[in-house]
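Participant: Just passing along the structure, written as structure tokens.
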Amino acid sequence: MDTVLQTALLLLILLQVKHVFADFFLQTPRMLVNRDVYIHFGRAEHAGLHAIFSLIALVAVGAPIWFSVILCVLEWTLHYHIDWIKGMYSNTKQHLPTDAGFWRAFGLDQLMHQLTYVAMIWAWASFAI
């Protein structure tokens, strides 16, 4: 296995681990309430946590700092909006964890975040090495 592929897989693992912590262990009540409101400090803070951890992951695999900062600003923007769209949908539909619609929205939200990581790894492989 060549070094680029090994590093890409390491970056994927680092992004997956940071996602679990930022999305499931480190969310505060402020990050979880009023998710349908567009201007939302808690959501900005949550997306910022993701971006900071992604910055650490990118720098850890040797990505240039300037590249990593730009990529993480883009990730922050995408994460903020993905979560806002899910919040809007969930508030409108009033789905509970016992409803299939809740899990469809949750699954699509997680898919969009995972596709963001695929795009980030593609950008790293295309522009940073």
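In the structure tokens, the first chain shown is A, the next is B, and so on; residue numbers restart at 1 for each chain, and ligands run from 1 in the order shown.
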Please identify all polymer residues within 12 Å of Thr77 (chain A), counting only C-alpha atoms, omitting same-chain residues fewer than 3 positions from it, and present them as a list of chain:residue names.
Facilitator: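 Returned residues: A:Arg43, A:Ala44, A:Glu45, A:His46, A:Ala47, A:Gly48, A:His50, A:Ala51, A:Ile70, A:Leu71, A:Cys72, A:Val73, A:Leu74, A:Tyr80, A:His81, A:Ile82, A:Asp83, A:Trp84, A:His113, A:Thr116.
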Participant: If you keep C-alpha atoms, can you produce a file of those selected residues as a short mmCIF file (atom, residue, chain, number, x, y, z; two decimals), in the first residue's frame?
Facilitator:
```
data_model
loop_
_atom_site.label_atom_id
_atom_site.label_comp_id
_atom_site.auth_asym_id
_atom_site.auth_seq_id
_atom_site.Cartn_x
_atom_site.Cartn_y
_atom_site.Cartn_z
CA ARG A 43 -24.66 25.67 16.30
CA ALA A 44 -21.74 27.97 15.41
CA GLU A 45 -19.87 26.66 18.45
CA HIS A 46 -20.69 23.05 17.52
CA ALA A 47 -19.52 23.49 13.92
CA GLY A 48 -16.44 25.29 15.25
CA HIS A 50 -15.72 20.11 14.35
CA ALA A 51 -13.53 22.54 12.41
CA ILE A 70 -9.24 27.21 4.41
CA LEU A 71 -10.63 23.67 4.30
CA CYS A 72 -11.84 23.86 7.90
CA VAL A 73 -13.58 27.21 7.31
CA LEU A 74 -15.43 25.51 4.45
CA TYR A 80 -23.47 24.79 10.23
CA HIS A 81 -25.90 24.65 7.30
CA ILE A 82 -26.36 20.87 7.29
CA ASP A 83 -27.35 21.02 10.95
CA TRP A 84 -29.63 24.03 10.38
CA HIS A 113 -21.25 15.04 7.18
CA THR A 116 -18.00 16.31 3.61
#
```
Participant: If I take CA of Ser54 (chain A) and CA of Leu15 (chain A), how far is one from the other in Å, to one decimal?
Facilitator: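 CA of Ser54 (chain A) sits 6.4 Å away from CA of Leu15 (chain A).
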Participant: So, counting only C-alpha atoms, which residue among A:Gly101, A:Ile56, A:Gly62, A:Leu49 is closest to Phe24 (chain A)?
Facilitator: A:Leu49
Participant: Contacts of Ile121 (chain A) at 12 Å or less, counting only C-alpha atoms, minus same-chain residues fewer than 2 places along, as a PyMOL selection string?
Facilitator: chain A and resi 4-16+54+57-58+61+63+68+71-72+75+114-119+123-129
Participant: So which bits of region 5-110 of chain A end up helix (DSSP H, G or I) when you DSSP the backbone, as number ranges by chain?
Facilitator: A: 5-25, 29-32, 41-60, 65-93, 100-110
Participant: How would the residues just chosen look if you wrote them out with C-alpha atoms as a PDB file, in the first residue's frame?
Facilitator:
```
ATOM      1  CA  LEU A   5      -3.358   5.819   0.501  1.00  0.00           C
ATOM      2  CA  GLN A   6      -2.139   5.022   4.020  1.00  0.00           C
ATOM      3  CA  THR A   7      -2.250   8.709   4.946  1.00  0.00           C
ATOM      4  CA  ALA A   8      -5.703   9.131   3.398  1.00  0.00           C
ATOM      5  CA  LEU A   9      -6.997   6.208   5.452  1.00  0.00           C
ATOM      6  CA  LEU A  10      -5.388   7.631   8.597  1.00  0.00           C
ATOM      7  CA  LEU A  11      -7.028  10.998   7.882  1.00  0.00           C
ATOM      8  CA  LEU A  12     -10.388   9.262   7.406  1.00  0.00           C
ATOM      9  CA  ILE A  13      -9.996   7.507  10.760  1.00  0.00           C
ATOM     10  CA  LEU A  14      -9.043  10.770  12.491  1.00  0.00           C
ATOM     11  CA  LEU A  15     -12.060  12.551  10.982  1.00  0.00           C
ATOM     12  CA  GLN A  16     -14.364   9.680  12.023  1.00  0.00           C
ATOM     13  CA  VAL A  17     -13.090   9.711  15.605  1.00  0.00           C
ATOM     14  CA  LYS A  18     -13.413  13.508  15.864  1.00  0.00           C
ATOM     15  CA  HIS A  19     -16.939  13.246  14.446  1.00  0.00           C
ATOM     16  CA  VAL A  20     -18.030  10.817  17.147  1.00  0.00           C
ATOM     17  CA  PHE A  21     -16.648  13.026  19.890  1.00  0.00           C
ATOM     18  CA  ALA A  22     -17.869  16.354  18.488  1.00  0.00           C
ATOM     19  CA  ASP A  23     -21.334  15.079  17.495  1.00  0.00           C
ATOM     20  CA  PHE A  24     -22.109  12.675  20.325  1.00  0.00           C
ATOM     21  CA  PHE A  25     -19.957  13.340  23.409  1.00  0.00           C
ATOM     22  CA  PRO A  29     -27.382  21.947  25.903  1.00  0.00           C
ATOM     23  CA  ARG A  30     -26.780  25.316  24.170  1.00  0.00           C
ATOM     24  CA  MET A  31     -25.737  23.434  21.018  1.00  0.00           C
ATOM     25  CA  LEU A  32     -28.850  21.245  21.087  1.00  0.00           C
ATOM     26  CA  PHE A  41     -24.454  30.611  18.632  1.00  0.00           C
ATOM     27  CA  GLY A  42     -24.668  27.022  19.865  1.00  0.00           C
ATOM     28  CA  ARG A  43     -24.656  25.673  16.300  1.00  0.00           C
ATOM     29  CA  ALA A  44     -21.741  27.968  15.414  1.00  0.00           C
ATOM     30  CA  GLU A  45     -19.870  26.664  18.445  1.00  0.00           C
ATOM     31  CA  HIS A  46     -20.685  23.045  17.521  1.00  0.00           C
ATOM     32  CA  ALA A  47     -19.520  23.487  13.925  1.00  0.00           C
ATOM     33  CA  GLY A  48     -16.444  25.289  15.252  1.00  0.00           C
ATOM     34  CA  LEU A  49     -15.595  22.319  17.444  1.00  0.00           C
ATOM     35  CA  HIS A  50     -15.721  20.110  14.354  1.00  0.00           C
ATOM     36  CA  ALA A  51     -13.533  22.541  12.415  1.00  0.00           C
ATOM     37  CA  ILE A  52     -10.912  22.787  15.176  1.00  0.00           C
ATOM     38  CA  PHE A  53     -10.652  19.008  15.499  1.00  0.00           C
ATOM     39  CA  SER A  54     -10.454  18.668  11.708  1.00  0.00           C
ATOM     40  CA  LEU A  55      -7.665  21.253  11.665  1.00  0.00           C
ATOM     41  CA  ILE A  56      -5.750  19.147  14.177  1.00  0.00           C
ATOM     42  CA  ALA A  57      -6.318  15.994  12.075  1.00  0.00           C
ATOM     43  CA  LEU A  58      -5.178  17.670   8.857  1.00  0.00           C
ATOM     44  CA  VAL A  59      -2.061  19.156  10.417  1.00  0.00           C
ATOM     45  CA  ALA A  60      -1.307  15.781  12.062  1.00  0.00           C
ATOM     46  CA  ILE A  65      -1.596  25.038   7.737  1.00  0.00           C
ATOM     47  CA  TRP A  66      -2.937  27.565   5.196  1.00  0.00           C
ATOM     48  CA  PHE A  67      -4.674  24.771   3.281  1.00  0.00           C
ATOM     49  CA  SER A  68      -6.028  23.238   6.492  1.00  0.00           C
ATOM     50  CA  VAL A  69      -7.461  26.543   7.722  1.00  0.00           C
ATOM     51  CA  ILE A  70      -9.239  27.210   4.413  1.00  0.00           C
ATOM     52  CA  LEU A  71     -10.627  23.673   4.302  1.00  0.00           C
ATOM     53  CA  CYS A  72     -11.835  23.865   7.904  1.00  0.00           C
ATOM     54  CA  VAL A  73     -13.576  27.212   7.313  1.00  0.00           C
ATOM     55  CA  LEU A  74     -15.430  25.515   4.455  1.00  0.00           C
ATOM     56  CA  GLU A  75     -16.236  22.551   6.703  1.00  0.00           C
ATOM     57  CA  TRP A  76     -17.526  24.922   9.407  1.00  0.00           C
ATOM     58  CA  THR A  77     -19.843  26.557   6.867  1.00  0.00           C
ATOM     59  CA  LEU A  78     -21.153  23.234   5.548  1.00  0.00           C
ATOM     60  CA  HIS A  79     -21.594  21.714   8.997  1.00  0.00           C
ATOM     61  CA  TYR A  80     -23.467  24.791  10.232  1.00  0.00           C
ATOM     62  CA  HIS A  81     -25.900  24.651   7.304  1.00  0.00           C
ATOM     63  CA  ILE A  82     -26.362  20.869   7.288  1.00  0.00           C
ATOM     64  CA  ASP A  83     -27.350  21.020  10.952  1.00  0.00           C
ATOM     65  CA  TRP A  84     -29.625  24.026  10.380  1.00  0.00           C
ATOM     66  CA  ILE A  85     -31.467  22.246   7.555  1.00  0.00           C
ATOM     67  CA  LYS A  86     -31.963  19.187   9.770  1.00  0.00           C
ATOM     68  CA  GLY A  87     -33.153  21.448  12.591  1.00  0.00           C
ATOM     69  CA  MET A  88     -35.651  23.189  10.316  1.00  0.00           C
ATOM     70  CA  TYR A  89     -36.965  19.878   9.000  1.00  0.00           C
ATOM     71  CA  SER A  90     -37.166  18.270  12.429  1.00  0.00           C
ATOM     72  CA  ASN A  91     -38.956  21.262  13.940  1.00  0.00           C
ATOM     73  CA  THR A  92     -41.453  21.403  11.082  1.00  0.00           C
ATOM     74  CA  LYS A  93     -42.230  17.678  11.193  1.00  0.00           C
ATOM     75  CA  ALA A 100     -39.158   6.707  11.207  1.00  0.00           C
ATOM     76  CA  GLY A 101     -38.872  10.295   9.906  1.00  0.00           C
ATOM     77  CA  PHE A 102     -36.597  11.188  12.815  1.00  0.00           C
ATOM     78  CA  TRP A 103     -34.171   8.448  11.813  1.00  0.00           C
ATOM     79  CA  ARG A 104     -34.325   9.323   8.116  1.00  0.00           C
ATOM     80  CA  ALA A 105     -33.423  12.927   8.949  1.00  0.00           C
ATOM     81  CA  PHE A 106     -30.681  11.763  11.304  1.00  0.00           C
ATOM     82  CA  GLY A 107     -29.283   9.384   8.680  1.00  0.00           C
ATOM     83  CA  LEU A 108     -29.274  12.022   5.939  1.00  0.00           C
ATOM     84  CA  ASP A 109     -27.594  14.492   8.296  1.00  0.00           C
ATOM     85  CA  GLN A 110     -24.857  11.979   9.094  1.00  0.00           C
TER      86      GLN A 110
END
```
Participant: State, in Å with one decimal place, the distance from CA of Gln94 (chain A) to CA of Arg35 (chain A).
Facilitator: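 Taking CA of Gln94 (chain A) and CA of Arg35 (chain A), their separation equals 12.4 Å.
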